[in-house]
Amino acid sequence: MNNYELTLILNPDLSSKFDEFQSKFDKTLSDIGFEVKKLENIGRRQLAYSILNHNKGHYAIYQLEGPAAGALELETKLKYDTSVIRHLLLKVDTLSLEDSMLMIEAQEAKKAPQEEIKVTPPKAKVSVEAKPEVTPAEESKTTESE
Amino acid sequence: MSQDTKKNFHYKNTDLLKRYITETGKIIPARVSNISASEQRKLTKAVKIARFLALLPYTDSHR
């Protein structure tokens, strides 16, 4: 038995159907004798460069335990899976069962946009209601920032 | 400095890796960043994996 770390980049268009993919993928894993120790569903993320004309990808990191023969089979299966745009299977000494930095980043990013949405509407309202009053205030803001 | 704070060079730790690549995406040599040889080996491995997974760019001229 070996420990493996599998990183998948899935087609971002299928991001909403991740549960479907997961249940299917879990079956293929158990068929080849792999056991999922941890799954990190990181979600959509901007790619550093485009892969197959996709600019975003749905990341998922699996911590697995299984036989070496199964690893070969898994590689061929992933190669012909069209919903997986890139994959990396690494053999590791010890599985990292703590949350990775990517996961922590993704969780923080989820919280942040909500705050931004709260901030933007009042600004728009003010500019509509009282335009002449706002402009001097905005000017003073810009000078402060400079 | 680098001896008492061992850095966790791992491909998922992209924020740390970003500090050790140039604007054009090259890995900064150890003689410039002053990290130990063993750390530099871990760094290069991590950066190359992160590039493959599109977490870091290979160059600044990706179309």
# chains A, B, ... in the order shown; residues from 1 in each chain; ligands from 1
$ residues_around --residues "Ile32 of chain A" --least-positions-apart "2" --cutoff "10 Å" --atoms "only C-alpha atoms" --output "MDAnalysis selection string"
chainID A and resid 27:30 34:35 66:67 69:74
$ residues_around --residues "segment 17-25 of chain B" --least-positions-apart "3" --cutoff "6 Å" --atoms "only C-alpha atoms" --output "PDB file with N, CA and C atoms, in the first residue's frame"
ATOM      1  N   THR B  14       1.352  28.631  -2.620  1.00  0.00           N
ATOM      2  CA  THR B  14       1.731  29.494  -3.746  1.00  0.00           C
ATOM      3  C   THR B  14       2.190  30.883  -3.306  1.00  0.00           C
ATOM      4  N   ILE B  28      14.248  32.492  -8.702  1.00  0.00           N
ATOM      5  CA  ILE B  28      15.372  33.327  -8.271  1.00  0.00           C
ATOM      6  C   ILE B  28      16.510  32.422  -7.781  1.00  0.00           C
ATOM      7  N   TYR B  58       4.593  29.993 -16.282  1.00  0.00           N
ATOM      8  CA  TYR B  58       5.923  29.633 -16.773  1.00  0.00           C
ATOM      9  C   TYR B  58       6.673  30.903 -17.183  1.00  0.00           C
ATOM     10  N   THR B  59       5.942  31.808 -17.868  1.00  0.00           N
ATOM     11  CA  THR B  59       6.520  33.076 -18.305  1.00  0.00           C
ATOM     12  C   THR B  59       5.484  34.172 -18.069  1.00  0.00           C
ATOM     13  N   ASP B  60       5.860  35.416 -18.418  1.00  0.00           N
ATOM     14  CA  ASP B  60       4.875  36.500 -18.319  1.00  0.00           C
ATOM     15  C   ASP B  60       4.170  36.705 -19.649  1.00  0.00           C
TER      16      ASP B  60
END
$ interface_residues --of "chain A" --to "chain B" --cutoff "8 Å" --atoms "only C-alpha atoms" --output "list in words"
Ile9, Leu47, Ala48, Tyr49, Ser50, Arg86, His87, Leu88, Ser100, Met101 and Leu102 of chain A
$ write_last_selection --atoms "C-alpha atoms" --output "CSV table (one decimal), in the first residue's frame"
chain,number,residue,atom,x,y,z
A,9,ILE,CA,-8.2,20.4,-12.5
A,47,LEU,CA,-5.4,29.5,-14.0
A,48,ALA,CA,-2.0,31.0,-14.4
A,49,TYR,CA,-2.2,30.2,-18.2
A,50,SER,CA,-5.0,28.8,-20.3
A,86,ARG,CA,-5.2,18.3,-16.0
A,87,HIS,CA,-4.2,15.8,-13.3
A,88,LEU,CA,-1.2,15.1,-11.2
A,100,SER,CA,-3.8,23.1,2.5
A,101,MET,CA,-3.0,26.8,1.8
A,102,LEU,CA,-5.0,26.6,-1.4
$ atom_distance --atom1 "atom CA of Gly33 of chain A" --atom2 "atom CA of Asn2 of chain A"
11.3 Å
$ select_by_dssp --residues "segment 2-133 of chain A" --states "helix (DSSP H, G or I)" --output "number ranges by chain"
A: 12-31, 68-79, 101-129, 131-133
$ decode --residues "chain B" --atoms "C-alpha atoms" --output "short mmCIF file (atom, residue, chain, number, x, y, z; two decimals), in the first residue's frame"
data_model
loop_
_atom_site.label_atom_id
_atom_site.label_comp_id
_atom_site.auth_asym_id
_atom_site.auth_seq_id
_atom_site.Cartn_x
_atom_site.Cartn_y
_atom_site.Cartn_z
CA MET B 1 17.86 33.64 9.41
CA SER B 2 17.03 30.83 7.04
CA GLN B 3 18.37 28.21 9.43
CA ASP B 4 16.03 28.88 12.34
CA THR B 5 12.90 29.36 10.20
CA LYS B 6 12.55 26.38 7.85
CA LYS B 7 10.25 27.34 5.04
CA ASN B 8 7.54 24.97 3.90
CA PHE B 9 8.18 24.83 0.17
CA HIS B 10 5.17 23.00 -1.15
CA TYR B 11 3.41 23.45 -4.47
CA LYS B 12 0.13 24.32 -2.72
CA ASN B 13 1.85 27.11 -0.79
CA THR B 14 1.73 29.49 -3.75
CA ASP B 15 2.02 32.73 -1.77
CA LEU B 16 5.41 31.67 -0.46
CA LEU B 17 6.60 30.43 -3.86
CA LYS B 18 5.61 33.70 -5.53
CA ARG B 19 8.24 35.47 -3.44
CA TYR B 20 10.94 33.30 -5.02
CA ILE B 21 10.10 33.88 -8.68
CA THR B 22 10.80 36.98 -10.73
CA GLU B 23 8.21 39.10 -12.52
CA THR B 24 8.90 37.09 -15.64
CA GLY B 25 8.29 33.82 -13.80
CA LYS B 26 11.89 32.66 -13.42
CA ILE B 27 13.06 31.00 -10.21
CA ILE B 28 15.37 33.33 -8.27
CA PRO B 29 18.85 31.76 -7.85
CA ALA B 30 19.98 30.78 -4.35
CA ARG B 31 22.94 33.17 -4.51
CA VAL B 32 20.45 36.04 -4.73
CA SER B 33 17.76 34.84 -2.31
CA ASN B 34 20.29 33.46 0.20
CA ILE B 35 18.45 30.24 0.94
CA SER B 36 20.27 26.99 1.62
CA ALA B 37 21.05 24.45 -1.10
CA SER B 38 18.60 21.89 0.27
CA GLU B 39 15.87 24.51 0.48
CA GLN B 40 16.60 25.64 -3.07
CA ARG B 41 16.15 22.06 -4.30
CA LYS B 42 12.78 21.84 -2.55
CA LEU B 43 11.84 25.24 -3.96
CA THR B 44 12.60 24.35 -7.58
CA LYS B 45 10.64 21.11 -7.34
CA ALA B 46 7.65 22.88 -5.79
CA VAL B 47 7.70 25.69 -8.37
CA LYS B 48 7.86 23.26 -11.28
CA ILE B 49 4.90 21.27 -9.96
CA ALA B 50 2.94 24.48 -9.31
CA ARG B 51 3.63 25.59 -12.90
CA PHE B 52 2.30 22.31 -14.28
CA LEU B 53 -0.90 22.76 -12.26
CA ALA B 54 -1.29 26.35 -13.54
CA LEU B 55 -0.86 27.77 -10.05
CA LEU B 56 2.20 29.72 -11.20
CA PRO B 57 3.04 30.99 -14.69
CA TYR B 58 5.92 29.63 -16.77
CA THR B 59 6.52 33.08 -18.31
CA ASP B 60 4.88 36.50 -18.32
CA SER B 61 3.91 36.09 -21.97
CA HIS B 62 1.20 33.45 -21.77
CA ARG B 63 -1.34 34.43 -24.38
#
